[in-house]
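Structure file entry-v7.txt (compact mmCIF, C-alpha atoms) is printed below.
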# COMPACT_ATOMS: atom_id res chain seq x y z
CA MET A 1 -4.94 -10.37 0.40
CA VAL A 2 -5.28 -7.07 2.27
CA LEU A 3 -2.57 -5.54 0.10
CA GLY A 4 -4.38 -6.81 -2.97
CA ALA A 5 -7.64 -5.22 -1.86
CA LEU A 6 -5.86 -1.91 -1.19
CA ALA A 7 -4.21 -2.08 -4.60
CA CYS A 8 -7.63 -2.56 -6.20
CA LEU A 9 -9.10 0.38 -4.26
CA PHE A 10 -6.28 2.75 -4.97
CA GLY A 11 -6.12 1.97 -8.63
CA ARG A 12 -3.98 -0.04 -10.89
CA GLY A 13 -1.17 -1.32 -8.70
CA THR A 14 1.46 0.70 -10.55
CA PRO A 15 2.11 3.67 -8.27
CA ALA A 16 5.05 4.90 -10.29
CA ARG A 17 2.95 5.42 -13.37
CA ALA A 18 1.78 8.97 -13.93
CA GLU A 19 -2.01 9.16 -13.58
CA ASP A 20 -4.06 10.96 -16.19
CA TYR A 21 -6.55 12.55 -13.79
CA SER A 22 -8.57 14.07 -16.60
CA SER A 23 -9.45 10.53 -17.70
CA TRP A 24 -11.21 9.80 -14.39
CA HIS A 25 -14.98 9.83 -14.44
CA ASP A 26 -16.73 12.80 -12.86
CA ILE A 27 -17.51 12.24 -9.20
CA GLU A 28 -20.71 12.87 -7.26
CA THR A 29 -19.74 15.42 -4.58
CA LYS A 30 -22.57 15.01 -2.07
CA TYR A 31 -20.76 12.63 0.27
CA ILE A 32 -17.07 13.40 -0.23
CA PHE A 33 -16.81 16.06 2.54
CA GLY A 34 -17.84 14.14 5.68
CA PHE A 35 -20.46 15.95 7.77
CA THR A 36 -20.31 18.75 5.23
CA LEU A 37 -22.63 17.92 2.35
CA GLY A 38 -21.70 18.63 -1.24
CA SER A 39 -24.07 19.93 -3.88
CA GLY A 40 -24.74 16.60 -5.60
CA ILE A 41 -28.33 15.45 -6.00
CA GLY A 42 -27.77 12.17 -7.84
CA LEU A 43 -28.85 11.23 -11.34
CA GLU A 44 -32.39 11.42 -12.67
CA GLY A 45 -34.04 8.08 -12.06
CA GLU A 46 -31.42 6.95 -9.55
CA LYS A 47 -32.55 5.40 -6.26
CA GLU A 48 -30.45 4.71 -3.21
CA VAL A 49 -30.83 2.97 0.13
CA THR A 50 -28.46 4.00 2.86
CA VAL A 51 -27.62 3.43 6.49
CA ASP A 52 -26.20 6.65 7.89
CA ALA A 53 -25.01 6.54 11.51
CA ILE A 54 -23.78 9.49 13.54
CA GLY A 55 -22.19 8.87 16.94
CA ARG A 56 -21.54 11.52 19.59
CA PHE A 57 -19.06 10.83 22.35
CA GLY A 58 -17.87 12.54 25.53
CA LYS A 59 -19.21 15.15 27.92
CA ARG A 60 -17.33 17.07 30.58
CA ASP A 61 -17.56 14.21 33.08
CA GLY A 62 -18.83 10.64 33.31
CA SER A 63 -19.31 8.44 30.28
CA TYR A 64 -21.39 9.55 27.30
CA ALA A 65 -22.06 7.79 23.98
CA ALA A 66 -25.11 8.40 21.81
CA SER A 67 -25.91 7.60 18.22
CA GLU A 68 -28.59 8.35 15.69
CA THR A 69 -28.93 6.22 12.55
CA LYS A 70 -30.91 7.13 9.47
CA TYR A 71 -32.43 4.22 7.55
CA GLU A 72 -32.96 6.12 4.37
CA PHE A 73 -34.39 5.90 0.87
CA GLU A 74 -33.46 8.60 -1.60
CA PHE A 75 -34.36 9.20 -5.22
CA THR A 76 -33.90 11.83 -7.88
CA PRO A 77 -37.13 12.42 -9.81
CA THR A 78 -35.76 15.24 -11.98
CA GLN A 79 -32.39 16.66 -12.96
CA PHE A 80 -32.81 19.39 -10.30
CA ILE A 81 -34.49 17.74 -7.30
CA GLN A 82 -33.65 14.97 -4.87
CA ILE A 83 -36.02 13.59 -2.24
CA GLU A 84 -35.08 11.52 0.80
CA PHE A 85 -37.05 10.05 3.67
CA GLY A 86 -36.65 7.41 6.30
CA ALA A 87 -36.73 6.28 9.90
CA LEU A 88 -34.41 7.13 12.77
CA GLY A 89 -32.95 4.78 15.33
CA SER A 90 -31.02 5.95 18.38
CA THR A 91 -28.88 4.56 21.16
CA HIS A 92 -27.84 6.20 24.44
CA ASN A 93 -25.24 4.93 26.88
CA ILE A 94 -24.89 7.52 29.62
CA SER A 95 -23.49 7.21 33.13
CA GLY A 96 -22.26 9.75 35.61
CA VAL A 97 -22.74 12.80 33.40
CA THR A 98 -23.72 15.93 35.33
CA GLY A 99 -27.22 17.05 34.38
CA LEU A 100 -28.16 13.84 32.52
CA ASP A 101 -29.89 10.71 33.82
CA ASP A 102 -27.97 7.45 33.52
CA ARG A 103 -29.38 5.52 30.59
CA ASN A 104 -28.64 2.46 28.47
CA GLN A 105 -31.20 2.16 25.69
CA ALA A 106 -31.86 1.63 21.98
CA ALA A 107 -35.04 2.81 20.32
CA LEU A 108 -36.80 3.64 17.09
CA SER A 109 -36.70 7.37 17.62
CA GLY A 110 -38.44 9.15 14.75
CA GLY A 111 -38.57 9.94 11.06
CA PHE A 112 -37.41 12.52 8.58
CA ALA A 113 -37.77 13.75 5.01
CA GLU A 114 -35.50 15.93 2.91
CA LEU A 115 -35.95 17.96 -0.24
CA ARG A 116 -32.86 19.13 -2.14
CA TYR A 117 -32.94 21.59 -5.02
CA LEU A 118 -29.92 22.21 -7.25
CA ALA A 119 -29.88 25.99 -7.61
CA ILE A 120 -26.56 26.44 -9.43
CA GLU A 121 -25.14 23.61 -11.50
CA ARG A 122 -21.50 22.95 -12.27
CA THR A 123 -20.41 22.94 -15.91
CA SER A 124 -17.00 22.69 -17.52
CA ASN A 125 -17.00 26.51 -17.55
CA ASN A 126 -18.34 27.04 -14.00
CA PRO A 127 -16.71 25.14 -11.11
CA LEU A 128 -19.29 26.21 -8.49
CA ALA A 129 -22.45 24.26 -7.66
CA VAL A 130 -25.02 25.13 -4.99
CA THR A 131 -27.90 23.09 -3.57
CA LEU A 132 -30.58 24.27 -1.16
CA ALA A 133 -32.02 21.70 1.25
CA ILE A 134 -34.73 21.47 3.87
CA GLU A 135 -35.11 18.55 6.25
CA PRO A 136 -38.03 18.33 8.68
CA THR A 137 -37.49 15.72 11.40
CA ILE A 138 -39.72 14.42 14.18
CA ARG A 139 -38.35 12.58 17.21
CA ARG A 140 -39.84 10.80 20.18
CA ILE A 141 -36.44 10.39 21.82
CA ASP A 142 -34.29 13.39 22.68
CA GLU A 143 -31.02 13.36 20.71
CA THR A 144 -28.85 14.36 23.67
CA THR A 145 -30.53 13.02 26.81
CA GLY A 146 -32.37 9.97 25.43
CA GLU A 147 -35.55 11.04 27.25
CA HIS A 148 -39.01 10.53 25.77
CA VAL A 149 -40.04 13.84 24.19
CA ARG A 150 -41.91 15.28 21.25
CA ASN A 151 -39.37 17.07 19.10
CA PHE A 152 -39.77 18.80 15.75
CA GLU A 153 -36.69 20.07 13.92
CA PHE A 154 -36.49 21.93 10.62
CA GLU A 155 -32.96 21.86 9.24
CA THR A 156 -32.22 24.29 6.43
CA THR A 157 -28.88 24.14 4.65
CA VAL A 158 -27.01 25.61 1.74
CA ASN A 159 -24.58 23.03 0.28
CA ALA A 160 -21.97 24.51 -2.04
CA ASP A 161 -18.83 23.09 -3.59
CA ILE A 162 -16.13 24.17 -6.00
CA GLU A 163 -14.03 21.96 -8.24
CA LEU A 164 -10.55 23.44 -7.70
CA LEU A 165 -8.70 20.90 -9.85
CA LYS A 166 -10.60 18.97 -12.50
CA ASN A 167 -11.67 15.60 -11.06
CA ARG A 168 -9.13 15.92 -8.23
CA LEU A 169 -9.55 18.65 -5.63
CA PHE A 170 -12.81 19.96 -4.25
CA ALA A 171 -13.77 22.52 -1.61
CA GLY A 172 -17.13 22.28 0.12
CA PHE A 173 -19.07 24.83 2.17
CA ASN A 174 -22.25 24.47 4.23
CA LEU A 175 -24.45 27.05 5.87
CA LEU A 176 -26.81 25.65 8.50
CA TYR A 177 -29.89 26.96 10.29
CA GLU A 178 -31.65 24.37 12.43
CA PRO A 179 -34.55 25.52 14.61
CA GLU A 180 -36.36 22.99 16.78
CA VAL A 181 -39.09 22.79 19.35
CA THR A 182 -39.25 20.11 22.05
CA GLN A 183 -42.05 19.19 24.41
CA THR A 184 -40.72 17.25 27.39
CA SER A 185 -42.52 14.50 29.29
CA LEU A 186 -43.26 17.09 32.01
CA GLY A 187 -45.11 19.24 29.48
CA ASP A 188 -42.46 21.96 29.18
CA THR A 189 -41.84 23.44 25.75
CA GLN A 190 -38.27 24.33 24.79
CA ARG A 191 -37.29 26.20 21.67
CA GLU A 192 -33.72 26.25 20.42
CA ALA A 193 -31.68 26.62 17.26
CA LYS A 194 -28.28 25.86 15.81
CA PHE A 195 -26.66 28.17 13.33
CA GLY A 196 -23.29 27.81 11.68
CA GLY A 197 -21.23 26.76 8.77
CA SER A 198 -18.44 24.55 7.58
CA ALA A 199 -15.58 24.43 5.14
CA ALA A 200 -14.04 21.24 3.77
CA LEU A 201 -11.30 20.27 1.38
CA SER A 202 -11.21 16.86 -0.31
CA LEU A 203 -8.57 15.33 -2.55
CA ARG A 204 -9.33 12.41 -4.83
CA VAL A 205 -6.24 10.29 -4.30
CA ALA A 206 -7.49 7.46 -6.52
CA PRO A 207 -10.47 7.12 -8.86
CA ASN A 208 -12.54 5.57 -6.05
CA VAL A 209 -10.99 7.13 -2.93
CA VAL A 210 -11.30 10.68 -1.59
CA LEU A 211 -9.51 11.95 1.53
CA GLY A 212 -10.06 15.29 3.18
CA GLY A 213 -10.65 17.41 6.21
CA GLU A 214 -13.38 19.72 7.44
CA VAL A 215 -13.99 22.39 10.04
CA TRP A 216 -17.37 23.36 11.54
CA TYR A 217 -18.34 26.45 13.51
CA LEU A 218 -21.68 26.06 15.31
CA ARG A 219 -23.63 28.43 17.54
CA HIS A 220 -26.47 27.42 19.85
CA TYR A 221 -29.44 29.55 20.87
CA ASN A 222 -32.32 29.00 23.27
CA ALA A 223 -34.67 30.58 20.75
CA ALA A 224 -35.56 29.81 17.14
CA ASN A 225 -34.98 33.42 16.08
CA LEU A 226 -31.32 33.40 17.19
CA THR A 227 -31.79 35.90 20.04
CA ALA A 228 -30.71 33.89 23.12
CA PHE A 229 -27.11 32.85 22.47
CA THR A 230 -25.88 30.10 24.83
CA GLY A 231 -22.57 28.97 23.36
CA ASP A 232 -20.56 27.98 20.33
CA THR A 233 -17.93 25.51 19.22
CA VAL A 234 -15.38 24.63 16.57
CA LEU A 235 -15.12 21.03 15.37
CA LEU A 236 -12.31 19.73 13.21
CA GLY A 237 -11.48 16.38 11.64
CA PRO A 238 -10.67 14.10 8.72
CA THR A 239 -13.03 12.67 6.10
CA LEU A 240 -12.96 9.60 3.86
CA PHE A 241 -15.03 8.48 0.88
CA ILE A 242 -14.62 5.10 -0.84
CA ARG A 243 -16.58 3.82 -3.81
CA PHE A 244 -16.37 0.02 -3.70
CA THR A 245 -18.29 -0.64 -6.91
CA PRO A 246 -20.11 1.62 -9.39
CA LYS A 247 -23.23 1.17 -7.23
CA MET A 248 -21.88 0.98 -3.68
CA PHE A 249 -19.94 3.43 -1.54
CA MET A 250 -19.18 4.45 2.01
CA THR A 251 -18.28 7.70 3.67
CA ALA A 252 -16.75 8.29 7.10
CA ALA A 253 -15.78 11.32 9.16
CA TRP A 254 -14.51 12.16 12.61
CA ASN A 255 -14.86 15.58 14.24
CA THR A 256 -13.24 16.64 17.52
CA GLN A 257 -14.18 19.76 19.43
CA VAL A 258 -11.06 21.96 19.38
CA TRP A 259 -12.60 25.13 20.78
CA GLY A 260 -15.80 26.07 22.53
CA ARG A 261 -17.40 28.33 25.09
CA GLU A 262 -20.54 28.32 27.19
CA VAL A 263 -22.23 31.57 28.12
CA GLY A 264 -21.90 32.03 31.90
CA ASN A 265 -19.12 29.43 32.29
CA SER A 266 -15.38 29.77 32.01
CA PHE A 267 -14.84 26.22 30.72
CA SER A 268 -12.55 25.87 27.76
CA LEU A 269 -14.90 23.73 25.65
CA ASN A 270 -18.67 23.63 25.20
CA PHE A 271 -20.14 20.37 26.50
CA GLU A 272 -23.55 21.78 27.35
CA GLU A 273 -24.84 21.67 23.77
CA PHE A 274 -22.10 19.72 21.99
CA GLN A 275 -19.95 16.63 22.54
CA ARG A 276 -16.21 16.10 22.65
CA ASN A 277 -16.22 14.00 19.46
CA ARG A 278 -18.64 13.00 16.73
CA ALA A 279 -18.30 10.35 14.05
CA LYS A 280 -20.18 9.57 10.88
CA LEU A 281 -20.33 6.28 8.98
CA LYS A 282 -22.56 5.82 5.99
CA PHE A 283 -23.04 2.94 3.56
CA ALA A 284 -25.11 3.35 0.41
CA TYR A 285 -26.33 1.14 -2.40
CA GLU A 286 -27.65 2.69 -5.60
CA PHE A 287 -30.01 1.04 -8.05
CA MET B 1 -55.41 27.41 10.87
CA LEU B 2 -56.85 24.09 9.71
CA ASN B 3 -57.57 25.59 6.31
CA THR B 4 -53.98 26.80 6.10
CA MET B 5 -52.70 23.34 6.98
CA LYS B 6 -54.87 21.78 4.28
CA LYS B 7 -53.52 24.20 1.71
CA PHE B 8 -49.88 23.59 2.67
CA PRO B 9 -49.40 20.19 0.95
CA PHE B 10 -51.02 21.56 -2.22
CA ALA B 11 -48.75 24.60 -2.15
CA ALA B 12 -45.73 22.37 -1.56
CA VAL B 13 -46.63 20.17 -4.53
CA CYS B 14 -47.07 23.27 -6.72
CA ALA B 15 -43.71 24.63 -5.58
CA ILE B 16 -41.93 21.35 -6.31
CA THR B 17 -43.56 21.16 -9.73
CA MET B 18 -42.48 24.72 -10.52
CA LEU B 19 -38.94 24.07 -9.30
CA SER B 20 -38.58 20.90 -11.30
CA ALA B 21 -40.06 22.23 -14.50
CA SER B 22 -37.39 23.39 -16.89
CA PRO B 23 -38.26 26.76 -18.43
CA SER B 24 -37.43 25.31 -21.80
CA SER B 25 -39.42 22.11 -21.42
CA ALA B 26 -41.89 23.31 -24.06
CA GLN B 27 -39.10 23.75 -26.62
CA GLN B 28 -38.44 21.20 -29.34
CA ALA B 29 -35.70 18.84 -28.17
CA ILE B 30 -32.51 18.39 -30.17
CA GLU B 31 -32.14 14.69 -30.98
CA ILE B 32 -28.76 13.00 -30.77
CA GLN B 33 -28.32 9.43 -31.96
CA VAL B 34 -25.50 7.33 -30.56
CA SER B 35 -24.89 3.66 -31.15
CA TYR B 36 -23.04 1.34 -28.80
CA SER B 37 -21.19 -1.59 -30.23
CA SER B 38 -18.15 -3.66 -29.26
CA GLY B 39 -17.98 -1.67 -26.04
CA GLN B 40 -17.64 1.72 -27.76
CA PHE B 41 -19.88 4.71 -28.41
CA GLN B 42 -20.22 5.71 -32.04
CA PRO B 43 -19.81 8.61 -32.47
CA SER B 44 -18.00 9.26 -29.20
CA GLU B 45 -18.02 13.04 -29.63
CA VAL B 46 -21.34 14.77 -30.28
CA ARG B 47 -22.44 18.40 -30.35
CA ALA B 48 -25.60 20.35 -29.52
CA PRO B 49 -26.63 23.99 -29.25
CA ALA B 50 -26.92 25.63 -25.83
CA ASP B 51 -30.22 26.34 -24.07
CA LYS B 52 -32.21 23.68 -25.90
CA PRO B 53 -33.40 20.40 -24.39
CA ILE B 54 -31.74 17.28 -25.77
CA THR B 55 -32.95 13.76 -26.41
CA PHE B 56 -30.32 11.04 -26.59
CA ARG B 57 -31.32 7.93 -28.56
CA VAL B 58 -28.83 5.24 -27.59
CA LYS B 59 -28.89 2.07 -29.70
CA ASN B 60 -27.20 -0.80 -27.96
CA LEU B 61 -26.03 -3.15 -30.71
CA ASP B 62 -24.11 -5.38 -28.32
CA GLY B 63 -25.33 -8.69 -26.97
CA LYS B 64 -25.36 -7.49 -23.37
CA ALA B 65 -26.92 -4.61 -21.48
CA MET B 66 -25.13 -1.29 -21.01
CA GLU B 67 -25.86 1.68 -18.76
CA PHE B 68 -25.67 5.12 -20.31
CA GLU B 69 -24.57 7.38 -17.45
CA SER B 70 -23.31 10.90 -16.95
CA LYS B 71 -22.71 12.74 -13.68
CA SER B 72 -22.63 16.13 -15.40
CA LEU B 73 -25.79 15.47 -17.43
CA ARG B 74 -27.28 13.91 -14.25
CA VAL B 75 -28.87 10.98 -16.09
CA GLU B 76 -28.52 7.21 -16.15
CA LYS B 77 -30.39 4.57 -18.09
CA VAL B 78 -29.89 0.85 -18.58
CA VAL B 79 -30.27 -0.11 -22.24
CA ALA B 80 -30.92 -3.81 -22.78
CA ALA B 81 -29.02 -5.83 -25.38
CA ASN B 82 -30.00 -5.07 -28.97
CA SER B 83 -32.46 -2.34 -28.04
CA GLU B 84 -32.76 1.44 -27.87
CA GLY B 85 -32.90 3.75 -24.86
CA VAL B 86 -34.25 7.30 -24.87
CA ILE B 87 -32.77 9.79 -22.38
CA ASN B 88 -34.17 13.29 -22.04
CA VAL B 89 -31.78 15.99 -20.87
CA ARG B 90 -32.58 19.53 -19.75
CA ALA B 91 -31.48 22.58 -21.77
CA LEU B 92 -27.75 22.90 -21.14
CA LYS B 93 -25.29 25.73 -20.74
CA PRO B 94 -22.20 25.77 -22.98
CA GLY B 95 -19.57 23.26 -21.90
CA ARG B 96 -18.32 19.72 -22.21
CA TYR B 97 -20.41 16.93 -20.70
CA GLU B 98 -18.89 13.45 -20.47
CA PHE B 99 -20.89 10.24 -20.62
CA TYR B 100 -19.91 6.58 -20.28
CA ASP B 101 -21.13 3.03 -19.90
CA ASP B 102 -21.33 2.35 -16.18
CA PHE B 103 -20.86 -1.38 -16.86
CA ASN B 104 -17.70 -0.77 -18.90
CA GLU B 105 -15.60 2.18 -17.76
CA LYS B 106 -13.52 2.17 -20.94
CA ALA B 107 -16.53 3.13 -23.05
CA ARG B 108 -16.69 6.92 -22.97
CA GLY B 109 -17.99 9.81 -24.97
CA ALA B 110 -18.65 13.51 -24.63
CA LEU B 111 -21.26 16.06 -25.58
CA THR B 112 -20.01 19.53 -26.43
CA VAL B 113 -22.64 22.23 -26.02
CA GLN B 114 -21.97 25.55 -27.76
Just give me the structure of the file as structure tokens.
Amino acid sequence: MVLGALACLFGRGTPARAEDYSSWHDIETKYIFGFTLGSGIGLEGEKEVTVDAIGRFGKRDGSYAASETKYEFEFTPTQFIQIEFGALGSTHNISGVTGLDDRNQAALSGGFAELRYLAIERTSNNPLAVTLAIEPTIRRIDETTGEHVRNFEFETTVNADIELLKNRLFAGFNLLYEPEVTQTSLGDTQREAKFGGSAALSLRVAPNVVLGGEVWYLRHYNAANLTAFTGDTVLLGPTLFIRFTPKMFMTAAWNTQVWGREVGNSFSLNFEEFQRNRAKLKFAYEF
Amino acid sequence: MLNTMKKFPFAAVCAITMLSASPSSAQQAIEIQVSYSSGQFQPSEVRAPADKPITFRVKNLDGKAMEFESKSLRVEKVVAANSEGVINVRALKPGRYEFYDDFNEKARGALTVQ
């Protein structure tokens, strides 16, 4: 039964037969690169509900697991714009981590909205597509510590991808600038920002299955204008996209910190602003 | 400050409207008629000039619904049995744009823009 399901996913059950890749339908690239987002904005009139969970695991000591899940509705009102919005839920399971209070909680933690604009569209003569996106987010629970806060984040990204082989091989690139301001329960105001980029490569191994890998480089600042650098990191890992039916798909990714540094510390990785591992799992239904 | 905040949503709506409006939306659309019968598009290859908006008129002659869909045209529309669907497409750059029935992956066609 499992073999049968795999055979269905990976195609026609005749692996020896040469595939005519050009006969595959075009693929939407937005979710084929893991944490890296492709340029896709959906089809005009298309609506989608998704559950998009991101887990972050591991600090320098103790036990650390936190997640943030987006319960999201997205739609494409025109052939150039996509709009998304939804609620955020978070969990924190923390014990024995230096600098963090022990915590075991789940909460409705905030909300977000996103506007995506397709600036450069792919055609059969131009393999490059570029989308610009902004995503304001408000949180009442701190992403890292799980404390009650007032947090406002304004993520700005450039999502680009190139079709290297028609219908088969894609490269994705993201540029990220994410300033945020947080007011703690003690009344302190903290400003910070992340800045960085990613590169991803994804191969469509079957009409409905895409495998790949991605690398992220992220820098953290204790100022929105990128003046107070505190550390950076490199994350690396595999990605997977599976379309189960024409209207239902999932995407998954795993990133591990392979390099990092903290300003003022000689540690080999950066656990002050980042985690050892992060994972993404998203299910979507289109209608 | 308050005045600025009141103006922001209006400015955002204006910006979105400007971004989403195609510069050629005032142009006369090129009309393309395609029929769908026995699980096939007829004709399956159609042509249109570049930089002009296009209107697809898809007549579904079959006894069950079909969904006209194209990732490259960025449109989808369900056309009920024995009825017609109208799909408006932005002005396109030269190239080949594939379309298909999302309910029947064997039914395919293509628009060539020159």
Contact residues (chain A, partner chain B, 10 Å, all atoms listed in the file) as number ranges by chain: A: 23-29, 40-46, 76-81, 115, 117-119, 121-126, 246-247
With distances taken over only C-alpha atoms, which of A:Gln257, A:Ser185, A:Asn174, A:Asn222 is nearest to Ala199 of chain A? A:Asn174
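Atom CA of Thr137 of chain A to atom CA of Val181 of chain A spans 10.8 Å [interatomic distance, one decimal].
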Tell me, in Å to one decimal, how far atom CA of His92 of chain A is from atom CA of Thr145 of chain A. 7.7 Å
Which polymer residues have any atom within 12 Å of an atom of segment 258-261 of chain A, counting only C-alpha atoms, with same-chain residues fewer than 2 positions away left out, as a PyMOL selection string? chain A and resi 215-220+229-237+255-256+263-277
Mind checking which residues fall within 10 Å of Arg116 of chain A, counting all atoms listed in the file, ignoring those fewer than 5 positions away in the same chain, and posting them as an MDAnalysis selection string? chainID A and resid 39:41 76 80:84 131:135 157:159
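Surrounding residues of (-20.2, 12.4, -30.5) at most 12 Å away are Ile32, Gln33, Val34, Ser35, Tyr36, Gln40, Phe41, Gln42, Pro43, Ser44, Glu45, Val46, Arg47, Ala48, Phe56, Val58, Arg96, Tyr97, Glu98, Phe99, Tyr100, Arg108, Gly109, Ala110, Leu111, Thr112 and Val113 of chain B (based on all atoms listed in the file).
In this model, the gap between atom CA of Leu240 of chain A and atom CA of Ile141 of chain A comes to 29.6 Å.
Taking all atoms listed in the file into account, those protein, DNA and RNA residues with any atom at most 10 Å away from (-8.7, 9.0, -5.2) amount to Leu9, Phe10, Gly11, Tyr21, Trp24, Asn167, Arg168, Leu169, Ser202, Leu203, Arg204, Val205, Ala206, Pro207, Asn208, Val209, Val210, Leu211, Phe241, Ile242 and Arg243 of chain A.
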Just the residues within 9 Å of Lys282 of chain A, please, counting only C-alpha atoms, with nothing from its chain fewer than 6 positions along; format it as a PDB file with C-alpha atoms, keeping the file's coordinate frame.
ATOM      1  CA  THR A  50     -28.460   4.000   2.860  1.00  0.00           C
ATOM      2  CA  VAL A  51     -27.620   3.430   6.490  1.00  0.00           C
ATOM      3  CA  ASP A  52     -26.200   6.650   7.890  1.00  0.00           C
ATOM      4  CA  ALA A  53     -25.010   6.540  11.510  1.00  0.00           C
ATOM      5  CA  ILE A  54     -23.780   9.490  13.540  1.00  0.00           C
ATOM      6  CA  PHE A 249     -19.940   3.430  -1.540  1.00  0.00           C
ATOM      7  CA  MET A 250     -19.180   4.450   2.010  1.00  0.00           C
ATOM      8  CA  THR A 251     -18.280   7.700   3.670  1.00  0.00           C
ATOM      9  CA  ALA A 252     -16.750   8.290   7.100  1.00  0.00           C
TER      10      ALA A 252
END
Quick one: what's the axis-aligned box for segment 144-149 of chain A, all listed atoms, 6 Å on every side, centre and edges in Å to one decimal, as lines of an AutoDock Vina configuration file?
center_x = -34.4
center_y = 12.2
center_z = 25.5
size_x = 23.2
size_y = 16.4
size_z = 15.6
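Counting only C-alpha atoms and comparing A:Thr239, A:Thr245, A:Thr189, A:Ser67, the residue that lies closest to Gly89 of chain A is A:Ser67.
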Write a file for segment 87-101 of chain A, containing N, CA and C atoms (output as a JSON list (two decimals), in the first residue's frame).
[["chain", "number", "residue", "atom", "x", "y", "z"],
["A", 87, "ALA", "N", -3.99, 34.53, 11.60],
["A", 87, "ALA", "CA", -3.66, 34.57, 13.03],
["A", 87, "ALA", "C", -2.42, 33.73, 13.29],
["A", 88, "LEU", "N", -1.77, 34.03, 14.40],
["A", 88, "LEU", "CA", -0.56, 33.30, 14.78],
["A", 88, "LEU", "C", -0.80, 32.54, 16.09],
["A", 89, "GLY", "N", -0.34, 31.31, 16.13],
["A", 89, "GLY", "CA", -0.34, 30.57, 17.38],
["A", 89, "GLY", "C", 1.08, 30.18, 17.72],
["A", 90, "SER", "N", 1.43, 30.14, 19.00],
["A", 90, "SER", "CA", 2.81, 29.80, 19.34],
["A", 90, "SER", "C", 2.86, 28.82, 20.50],
["A", 91, "THR", "N", 3.94, 28.06, 20.53],
["A", 91, "THR", "CA", 4.21, 27.19, 21.68],
["A", 91, "THR", "C", 5.65, 27.42, 22.13],
["A", 92, "HIS", "N", 5.89, 27.28, 23.42],
["A", 92, "HIS", "CA", 7.25, 27.39, 23.97],
["A", 92, "HIS", "C", 7.45, 26.31, 25.03],
["A", 93, "ASN", "N", 8.46, 25.51, 24.84],
["A", 93, "ASN", "CA", 8.86, 24.52, 25.84],
["A", 93, "ASN", "C", 10.34, 24.77, 26.12],
["A", 94, "ILE", "N", 10.59, 25.44, 27.24],
["A", 94, "ILE", "CA", 11.95, 25.88, 27.56],
["A", 94, "ILE", "C", 12.30, 25.43, 28.97],
["A", 95, "SER", "N", 13.47, 24.81, 29.12],
["A", 95, "SER", "CA", 13.93, 24.52, 30.48],
["A", 95, "SER", "C", 15.46, 24.52, 30.52],
["A", 96, "GLY", "N", 15.97, 25.20, 31.50],
["A", 96, "GLY", "CA", 17.42, 25.19, 31.74],
["A", 96, "GLY", "C", 18.24, 25.93, 30.71],
["A", 97, "VAL", "N", 17.64, 26.86, 29.97],
["A", 97, "VAL", "CA", 18.41, 27.63, 28.99],
["A", 97, "VAL", "C", 18.88, 28.93, 29.65],
["A", 98, "THR", "N", 20.18, 29.16, 29.58],
["A", 98, "THR", "CA", 20.76, 30.36, 30.19],
["A", 98, "THR", "C", 20.14, 31.61, 29.58],
["A", 99, "GLY", "N", 19.64, 32.50, 30.44],
["A", 99, "GLY", "CA", 19.08, 33.77, 29.98],
["A", 99, "GLY", "C", 17.59, 33.73, 29.68],
["A", 100, "LEU", "N", 16.98, 32.52, 29.70],
["A", 100, "LEU", "CA", 15.55, 32.41, 29.41],
["A", 100, "LEU", "C", 14.84, 31.77, 30.59],
["A", 101, "ASP", "N", 13.63, 32.24, 30.89],
["A", 101, "ASP", "CA", 12.83, 31.61, 31.94],
["A", 101, "ASP", "C", 12.29, 30.27, 31.44]]
